[in-house]
Each structure stands twice: as C-alpha cells, then as structure tokens.
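Dropping my_file-v5.cif in here (mmCIF, C-alpha atoms and all ligand atoms):
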```cif
data_start
#
loop_
_atom_site.label_atom_id
_atom_site.label_comp_id
_atom_site.auth_asym_id
_atom_site.auth_seq_id
_atom_site.Cartn_x
_atom_site.Cartn_y
_atom_site.Cartn_z
CA MET A 8 15.53 -111.41 63.45
CA GLU A 9 18.77 -109.73 62.48
CA LYS A 10 20.64 -112.00 60.08
CA SER A 11 23.86 -112.08 62.14
CA LEU A 12 21.92 -113.60 65.06
CA GLN A 13 20.77 -116.56 62.98
CA PRO A 14 22.58 -119.91 63.28
CA ILE A 15 25.38 -121.37 61.17
CA GLY A 16 24.14 -124.52 59.42
CA LEU A 17 26.38 -127.54 58.89
CA PHE A 18 25.72 -130.85 57.19
CA ASP A 19 27.48 -134.13 56.57
CA SER A 20 26.44 -137.58 55.38
CA GLY A 21 26.54 -138.54 59.04
CA ILE A 22 28.45 -137.94 62.24
CA GLY A 23 31.87 -137.17 60.68
CA GLY A 24 31.25 -133.45 60.20
CA THR A 25 31.07 -133.06 63.98
CA SER A 26 34.89 -133.03 63.76
CA ILE A 27 34.46 -129.77 61.83
CA TRP A 28 31.69 -128.51 64.11
CA LYS A 29 34.06 -128.95 67.10
CA GLU A 30 36.65 -126.68 65.49
CA ILE A 31 34.03 -124.08 64.57
CA HIS A 32 32.43 -124.11 68.01
CA SER A 33 35.78 -123.76 69.72
CA LEU A 34 36.77 -120.77 67.53
CA LEU A 35 33.30 -119.17 67.51
CA PRO A 36 31.66 -120.13 70.83
CA ASN A 37 29.13 -117.29 70.58
CA GLU A 38 27.61 -118.62 67.36
CA ASP A 39 24.44 -120.74 67.37
CA THR A 40 24.77 -123.80 65.13
CA ILE A 41 22.51 -126.43 63.61
CA TYR A 42 24.18 -129.68 62.58
CA LEU A 43 22.50 -132.15 60.22
CA ALA A 44 23.68 -135.76 60.08
CA ASP A 45 22.13 -137.33 56.98
CA SER A 46 23.01 -140.78 58.33
CA ARG A 47 20.04 -142.42 56.57
CA ASN A 48 21.77 -141.70 53.25
CA ALA A 49 25.36 -142.45 54.32
CA PRO A 50 27.80 -143.21 52.91
CA TYR A 51 27.82 -140.50 50.24
CA GLY A 52 31.25 -141.65 49.05
CA GLN A 53 29.91 -144.51 46.95
CA ARG A 54 27.14 -142.43 45.31
CA SER A 55 27.06 -140.73 41.91
CA LYS A 56 27.76 -137.02 41.59
CA GLU A 57 24.07 -136.42 40.71
CA GLU A 58 22.90 -138.14 43.89
CA ILE A 59 25.41 -136.21 46.02
CA VAL A 60 24.24 -132.91 44.49
CA GLU A 61 20.59 -133.82 45.13
CA LEU A 62 21.26 -134.78 48.77
CA SER A 63 23.30 -131.59 49.31
CA PHE A 64 20.39 -129.47 48.02
CA LYS A 65 17.96 -131.33 50.29
CA ASN A 66 20.17 -130.70 53.34
CA THR A 67 20.69 -127.04 52.44
CA ASP A 68 16.93 -126.49 51.98
CA TYR A 69 16.29 -127.94 55.42
CA LEU A 70 18.99 -125.79 57.05
CA LEU A 71 17.57 -122.68 55.37
CA GLU A 72 14.06 -123.57 56.62
CA GLN A 73 15.61 -123.61 60.13
CA GLY A 74 16.99 -120.10 59.51
CA ALA A 75 20.68 -120.79 58.75
CA LYS A 76 22.63 -117.66 57.74
CA MET A 77 25.40 -119.68 56.04
CA VAL A 78 26.07 -123.33 55.33
CA VAL A 79 29.24 -125.26 56.11
CA VAL A 80 29.46 -128.37 53.96
CA ALA A 81 31.23 -130.45 56.61
CA CYS A 82 31.85 -133.28 54.17
CA ASN A 83 34.68 -133.60 51.64
CA THR A 84 32.57 -135.78 49.34
CA ALA A 85 29.71 -133.24 49.19
CA THR A 86 32.12 -130.32 48.84
CA THR A 87 34.16 -131.80 46.00
CA ASN A 88 31.03 -132.94 44.12
CA ALA A 89 28.39 -130.30 44.88
CA ILE A 90 29.72 -126.99 46.20
CA THR A 91 29.89 -125.35 42.75
CA GLU A 92 26.22 -126.22 42.14
CA LEU A 93 25.23 -125.05 45.65
CA ARG A 94 26.97 -121.70 45.21
CA LYS A 95 25.20 -121.16 41.88
CA ALA A 96 21.76 -122.01 43.27
CA TYR A 97 21.64 -120.24 46.66
CA ASN A 98 22.30 -116.69 47.69
CA ILE A 99 24.11 -117.45 50.97
CA PRO A 100 27.79 -118.02 51.78
CA PHE A 101 28.96 -121.65 51.65
CA ILE A 102 32.12 -122.98 53.27
CA GLY A 103 33.45 -126.29 52.02
CA ILE A 104 36.04 -128.77 53.17
CA GLU A 105 38.65 -130.24 50.87
CA PRO A 106 41.55 -132.58 51.62
CA ALA A 107 44.64 -130.64 52.83
CA ILE A 108 46.80 -131.83 49.94
CA LYS A 109 48.46 -128.46 49.44
CA PRO A 110 50.19 -128.04 52.85
CA ALA A 111 51.26 -131.70 52.85
CA ALA A 112 52.68 -131.50 49.30
CA ILE A 113 54.51 -128.27 50.10
CA HIS A 114 56.10 -129.54 53.34
CA THR A 115 56.92 -133.15 52.50
CA LYS A 116 60.59 -134.05 52.83
CA THR A 117 60.30 -137.62 51.56
CA ASN A 118 58.41 -136.41 48.49
CA ALA A 119 55.64 -138.87 49.23
CA ILE A 120 52.28 -138.17 50.85
CA GLY A 121 49.25 -140.36 51.47
CA ILE A 122 45.61 -139.44 51.11
CA LEU A 123 42.78 -141.48 52.60
CA ALA A 124 39.35 -140.37 51.37
CA THR A 125 36.10 -141.64 49.88
CA LYS A 126 35.75 -142.82 46.30
CA GLY A 127 33.52 -139.80 45.61
CA THR A 128 36.22 -137.36 46.73
CA LEU A 129 39.14 -139.08 44.99
CA SER A 130 37.25 -139.29 41.69
CA SER A 131 35.99 -135.68 41.78
CA GLU A 132 37.17 -133.06 39.32
CA LEU A 133 37.95 -130.60 42.11
CA PHE A 134 40.26 -133.05 43.92
CA ASN A 135 42.04 -134.12 40.74
CA LYS A 136 42.67 -130.52 39.77
CA THR A 137 44.37 -129.93 43.14
CA VAL A 138 46.56 -133.04 42.85
CA ALA A 139 47.52 -132.11 39.28
CA GLY A 140 49.26 -129.04 40.70
CA PHE A 141 51.84 -131.23 42.48
CA THR A 142 53.27 -133.49 39.79
CA ASP A 143 56.66 -133.68 41.52
CA VAL A 144 55.19 -135.30 44.66
CA ASN A 145 54.23 -138.97 44.88
CA VAL A 146 50.60 -138.84 46.06
CA ILE A 147 49.38 -142.24 47.21
CA GLU A 148 45.61 -142.28 47.03
CA GLN A 149 43.54 -144.80 48.94
CA VAL A 150 39.76 -145.14 49.14
CA GLY A 151 38.68 -145.85 52.72
CA TYR A 152 36.14 -148.51 51.67
CA ASN A 153 33.69 -149.35 54.48
CA LEU A 154 35.26 -147.09 57.12
CA VAL A 155 32.35 -144.61 57.09
CA SER A 156 29.72 -147.38 57.29
CA LEU A 157 31.49 -148.94 60.27
CA ILE A 158 31.76 -145.56 62.05
CA GLU A 159 28.09 -144.80 61.29
CA ASN A 160 27.17 -148.15 62.82
CA GLY A 161 28.95 -147.39 66.07
CA LYS A 162 31.96 -149.62 65.31
CA LEU A 163 34.64 -146.94 65.58
CA ASN A 164 36.76 -148.98 67.98
CA SER A 165 36.29 -152.37 66.38
CA PRO A 166 38.89 -154.88 65.15
CA GLU A 167 37.31 -154.58 61.65
CA VAL A 168 38.28 -150.90 61.49
CA MET A 169 41.81 -151.68 62.64
CA GLU A 170 42.21 -154.42 60.01
CA LEU A 171 41.01 -152.15 57.20
CA LEU A 172 43.30 -149.33 58.30
CA LYS A 173 46.31 -151.66 58.34
CA GLU A 174 45.48 -152.77 54.81
CA TYR A 175 44.96 -149.19 53.54
CA LEU A 176 48.02 -147.66 55.20
CA GLN A 177 50.65 -150.34 54.47
CA PRO A 178 51.29 -149.23 50.84
CA MET A 179 51.77 -145.69 52.14
CA ILE A 180 54.26 -146.85 54.77
CA ASP A 181 56.08 -148.82 52.05
CA ALA A 182 56.27 -145.65 49.94
CA ASN A 183 57.85 -143.77 52.87
CA ILE A 184 55.20 -141.06 53.25
CA ASP A 185 55.80 -138.36 55.84
CA TYR A 186 52.29 -136.85 55.64
CA LEU A 187 48.91 -138.57 55.75
CA VAL A 188 46.03 -136.37 54.64
CA LEU A 189 42.65 -137.29 56.10
CA GLY A 190 40.29 -136.45 53.27
CA CYS A 191 37.02 -137.36 54.94
CA SER A 192 35.50 -135.60 57.93
CA HIS A 193 34.76 -138.96 59.59
CA TYR A 194 38.44 -139.91 59.70
CA PRO A 195 39.74 -137.58 62.47
CA TYR A 196 37.89 -139.97 64.81
CA LEU A 197 40.24 -142.73 63.61
CA VAL A 198 43.44 -140.90 64.58
CA PRO A 199 44.14 -143.01 67.72
CA GLN A 200 43.99 -146.22 65.62
CA ILE A 201 45.95 -144.67 62.73
CA LYS A 202 48.71 -143.60 65.14
CA LYS A 203 49.12 -147.21 66.26
CA ILE A 204 49.84 -148.22 62.67
CA LEU A 205 51.91 -145.37 61.19
CA PRO A 206 55.52 -144.62 62.14
CA GLU A 207 55.76 -141.65 64.54
CA THR A 208 57.49 -139.62 61.85
CA VAL A 209 54.33 -139.38 59.75
CA ALA A 210 52.28 -136.24 60.37
CA ILE A 211 48.51 -136.63 60.16
CA VAL A 212 46.70 -133.61 58.74
CA ASP A 213 43.06 -132.72 58.39
CA SER A 214 41.29 -129.55 57.34
CA GLY A 215 39.12 -128.86 60.42
CA ALA A 216 41.03 -125.89 61.87
CA ALA A 217 41.43 -124.26 58.44
CA VAL A 218 37.68 -124.58 57.81
CA ALA A 219 36.91 -122.93 61.15
CA LYS A 220 39.23 -120.01 60.36
CA ARG A 221 37.68 -119.61 56.93
CA THR A 222 34.17 -119.70 58.47
CA LYS A 223 35.10 -116.85 60.79
CA ALA A 224 36.65 -114.80 57.98
CA VAL A 225 33.63 -115.23 55.70
CA LEU A 226 31.16 -114.35 58.48
CA LYS A 227 33.16 -111.22 59.16
CA GLN A 228 33.35 -110.30 55.49
CA HIS A 229 29.53 -110.56 55.21
CA ASN A 230 28.89 -108.77 58.53
CA LEU A 231 27.34 -111.96 59.84
CA LEU A 232 29.36 -112.52 63.03
CA ASN A 233 27.08 -112.85 66.04
CA THR A 234 28.42 -110.25 68.48
CA LEU A 235 25.48 -110.34 70.90
CA PRO A 236 26.63 -111.71 74.28
CA HIS A 237 24.44 -114.74 74.94
CA GLU A 238 24.57 -118.42 75.74
CA SER A 239 24.80 -120.05 72.34
CA THR A 240 22.60 -122.96 71.22
CA GLN A 241 24.08 -126.03 69.53
CA ALA A 242 21.39 -128.14 67.82
CA PHE A 243 22.04 -131.63 66.43
CA TYR A 244 19.58 -133.38 64.12
CA THR A 245 19.88 -136.79 62.55
CA ASN A 246 17.54 -138.90 60.43
CA PHE A 247 18.89 -142.32 61.54
CA ASN A 248 20.55 -144.04 64.52
CA PRO A 249 20.48 -141.05 66.93
CA GLU A 250 22.48 -142.94 69.58
CA VAL A 251 25.62 -142.89 67.42
CA LEU A 252 25.58 -139.10 67.01
CA GLN A 253 24.67 -138.78 70.69
CA SER A 254 27.76 -140.77 71.69
CA ILE A 255 29.94 -138.25 69.83
CA VAL A 256 28.29 -135.07 71.13
CA SER A 257 27.42 -136.32 74.57
CA ASN A 258 26.97 -132.85 76.11
CA TYR A 259 24.19 -131.80 73.75
CA PRO A 260 20.73 -133.16 73.00
CA VAL A 261 20.33 -134.94 69.66
CA ALA A 262 16.91 -134.90 67.96
CA GLU A 263 15.70 -137.36 65.35
CA ARG A 264 14.17 -135.42 62.43
CA ASP A 265 12.88 -136.35 59.01
CA PHE A 266 14.81 -134.36 56.44
N1 LIG B 301 32.21 -137.39 55.93
C1 LIG B 301 32.29 -137.53 54.55
C2 LIG B 301 33.43 -136.87 53.87
O1 LIG B 301 34.02 -135.98 54.44
C3 LIG B 301 31.44 -138.43 53.79
C4 LIG B 301 31.69 -139.85 53.93
C5 LIG B 301 30.67 -140.66 53.22
O2 LIG B 301 29.48 -140.49 53.49
O3 LIG B 301 31.06 -141.49 52.40
O4 LIG B 301 33.77 -137.22 52.77
#
```
So, in terms of structure tokens, how does the structure I just supplied come out?
Amino acid sequence: MEKSLQPIGLFDSGIGGTSIWKEIHSLLPNEDTIYLADSRNAPYGQRSKEEIVELSFKNTDYLLEQGAKMVVVACNTATTNAITELRKAYNIPFIGIEPAIKPAAIHTKTNAIGILATKGTLSSELFNKTVAGFTDVNVIEQVGYNLVSLIENGKLNSPEVMELLKEYLQPMIDANIDYLVLGCSHYPYLVPQIKKILPETVAIVDSGAAVAKRTKAVLKQHNLLNTLPHESTQAFYTNFNPEVLQSIVSNYPVAERDF
C-alpha cells in the first residue's frame, strides 16, 4: 500500500486525546486514523519518566503494527517526557502536544496566567524550559490531581470534579489570571465546568487546533497527505473500560484490544 494511504496513529493514556483527534479529523477528514486509549495504564501523570517512555514505545509499536504512517502523541505527559526518545528510536514523523504557554504568556494583560496539567508534565524538562523563557510573567502552576482518574471512570460531570476544579482554580482567580492554559488533553472536556468557576474575562486555551495544523503541515512536508477521494475510516481501540471511550466518540465503533 502506498504510504500516504496508511492511517495516522494517535495515542493517549486514555480518552483525553480524542480532543486532539476531533481537531485532526475536522481539519483532515480524508485521513484514516487509529486512536489508542491506554486506559489500563492511566493516569500517566503520576508515573516516572522511565515508565512513561516505556508505555509510549509500547503504544507506538502497536500503532506501527497496524500500519500507521505517523504518530500523534495526543498526550502532554507523554510528549513532554518521551517525544525526544521516540524521535530518536523510530524513523517516522511524530507530532506532540505541549501546553500553550507561549501564546498565553505573550498575550496576557494582567501579567498572570494559570496552567493546569499533570504532575508529569509540570515536572518535565521540556515544560520547565518553556516556562523559563517567560520570567516576566507570573505563571501559576497547578497539578490537576485526580481529574484524569475521575474522567477515565466516567465521572466527568460529577460533583467531585467540580469541587476539585474550584480548589485548583481559586489561587489563579486570586492572582488575577487572564489566561488559563489546559495542559492535559483530557481537560478540554472540563471546559463547561471550568467556565462556571472562572470569571468571563479569563480566556481558556488548549493546543488542539495548533496540533491539527502542525499534523497537516508535517504530512504535506513528507508527501504523506492522503489525497485519494474515499470514505475515511476512524478506528478506536482501548484496553480498559470501552464504554467510557464509546460515550465520547458515540458515532464510531470502539474495540477492546490488548496492547
Ligand atoms: N491526557 C494526558 C495529558 O495530556 C495524560 C493524563 C494522564 O494520564 O495523567 O497529559
């Protein structure tokens, strides 16, 4: 099969990366995709760098076995901890997702921005290098303890989630932030709750649309864009709790696979 006709592979520790898949599918509807939700091993955010690298290699191997032409690491934690190692080890293009600190830090008027992400992302070298470039901005970092586990367990709309968000966002409100950066691909699903807590003047930013644009540009650059008119296939595989992923991508079949 011609390489450009092969699918784009995506992986996340669970269902969160579907927020990235949605952006990619809407920009590139002709592309076939395979999405892996490694929900059995979620959350990645509390794991060591070594474990995150190992899990990222496992997911990439599985996507390559399924014929992926490129891999989108639809997880901030895996990107900030493992993308350098992935790029060294495999001869395919990788797209990663990192918290959108830069646009928020450039546009802030109150000189204060908030970032909600996993412990793994906030402690990574890659993230800290980015933040170090904006010493004149007050960056309020908050680990979203337990949010991913609750989302993975189907409790997206629960009072527990709302309580945690209130606790995590209050110091940011007190510091007068005007941007909140969502540094985890699970968090765009929390936007309705977050909006109930934050003042209307705070802009909420994530990296989904930028990742989709970058995916298109890199496919083009490698002559990998699928230009054959056809009805594209969107495959979703998970290794745990298929009903949760199914509730998010209700128009597509979800298969339980052992990877
Ligand atoms: N969706 C993830 C991210 O973007 C990972 C969350 C986790 O498993 O802790 O960071």
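If you look at CA of Gly127 in chain A and CA of Ile102 in chain A, they are 18.5 Å away from each other.
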Hey, what's within 10 Å of Glu57 in chain A if we count all atoms listed in the file and toss same-chain stuff fewer than 4 positions away? As a PyMOL selection string, please? chain A and resi 61-63+88-89
Kindly provide, as number ranges by chain, all nucleotide and amino acid residues lying within 6 Å of ligand LIG 301 (chain B), counting only C-alpha atoms and all ligand atoms. A: 19-20, 23-24, 49-52, 82-84, 125, 155, 191-193
Can those selected residues be exported to a file as an mmCIF file, keeping the file's coordinate frame so that it contains C-alpha atoms?
```
data_model
loop_
_atom_site.group_PDB
_atom_site.id
_atom_site.type_symbol
_atom_site.label_atom_id
_atom_site.label_comp_id
_atom_site.auth_asym_id
_atom_site.auth_seq_id
_atom_site.Cartn_x
_atom_site.Cartn_y
_atom_site.Cartn_z
ATOM 1 C CA ASP A 19 27.480 -134.130 56.570
ATOM 2 C CA SER A 20 26.440 -137.580 55.380
ATOM 3 C CA GLY A 23 31.870 -137.170 60.680
ATOM 4 C CA GLY A 24 31.250 -133.450 60.200
ATOM 5 C CA ALA A 49 25.360 -142.450 54.320
ATOM 6 C CA PRO A 50 27.800 -143.210 52.910
ATOM 7 C CA TYR A 51 27.820 -140.500 50.240
ATOM 8 C CA GLY A 52 31.250 -141.650 49.050
ATOM 9 C CA CYS A 82 31.850 -133.280 54.170
ATOM 10 C CA ASN A 83 34.680 -133.600 51.640
ATOM 11 C CA THR A 84 32.570 -135.780 49.340
ATOM 12 C CA THR A 125 36.100 -141.640 49.880
ATOM 13 C CA VAL A 155 32.350 -144.610 57.090
ATOM 14 C CA CYS A 191 37.020 -137.360 54.940
ATOM 15 C CA SER A 192 35.500 -135.600 57.930
ATOM 16 C CA HIS A 193 34.760 -138.960 59.590
#
```
CA of Glu58 in chain A to CA of Leu133 in chain A: how many Å, to one decimal? 16.9 Å
To one decimal in Å, tell me the separation between CA of Thr137 in chain A and CA of Lys76 in chain A. 28.9 Å
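Compared by their closest atoms to Leu252 in chain A, and using all atoms listed in the file, the residues A:Pro166, A:Pro106, A:Gly161, A:Pro236 rank with A:Gly161 nearest.
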Neighbouring residues of Ser11 in chain A were defined as those with any atom within 7 Å, considering all atoms listed in the file; residues of the same chain fewer than 5 positions away were excluded. Please report them as a PyMOL selection string. chain A and resi 231-233
For Lys29 in chain A, work out the shell of residues within 12 Å, counting all atoms listed in the file and skipping chain neighbours fewer than 2 positions away, then give it as a list in words. Leu17, Ile22, Gly23, Gly24, Thr25, Ser26, Ile27, Ile31, His32, Ser33, Leu34, Leu35, Pro36, Thr40, Tyr42, Ala81, Ser192, Pro195, Tyr196, Gly215, Ala216, Val218, Ala219, Gln241, Ile255 and Val256 of chain A
Shortest contact to Ala111 in chain A, candidates A:Asn145, A:Asn258, A:Gln13, A:Ser165, atoms counted all atoms listed in the file, goes to A:Asn145
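Candidate residues A:Asn160, A:Lys65, A:Thr234, A:Val261 were compared for distance to Leu12 in chain A, and the nearest is A:Thr234, using all atoms listed in the file.
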Skip range 168-185 of chain A itself and residues of its chain fewer than 6 positions away, then list as number ranges by chain all residues within 10 Å of it, counting all atoms listed in the file. A: 111-112, 114-123, 145-155, 157-158, 162, 197, 200-201, 203-211
All residues 10 Å or closer to Asp265 in chain A, all atoms listed in the file, same chain fewer than 6 positions away omitted, as a ChimeraX atom specification: /A:45,47,69,244-247
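Each of A:Ser257, A:Ser239, A:Thr67, A:Gln53 was checked against Ala124 in chain A using all atoms listed in the file; the smallest atom-to-atom distance is that of A:Gln53.
Closest approach to Ile104 in chain A among A:Phe266, A:Trp28, A:Phe243, A:Tyr259: A:Trp28, based on only C-alpha atoms.
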Given the choices A:Ala96, A:Val212, A:Leu163, A:Ala224, which gets closest to Lys109 in chain A if the distance is worked out from all atoms listed in the file? A:Val212
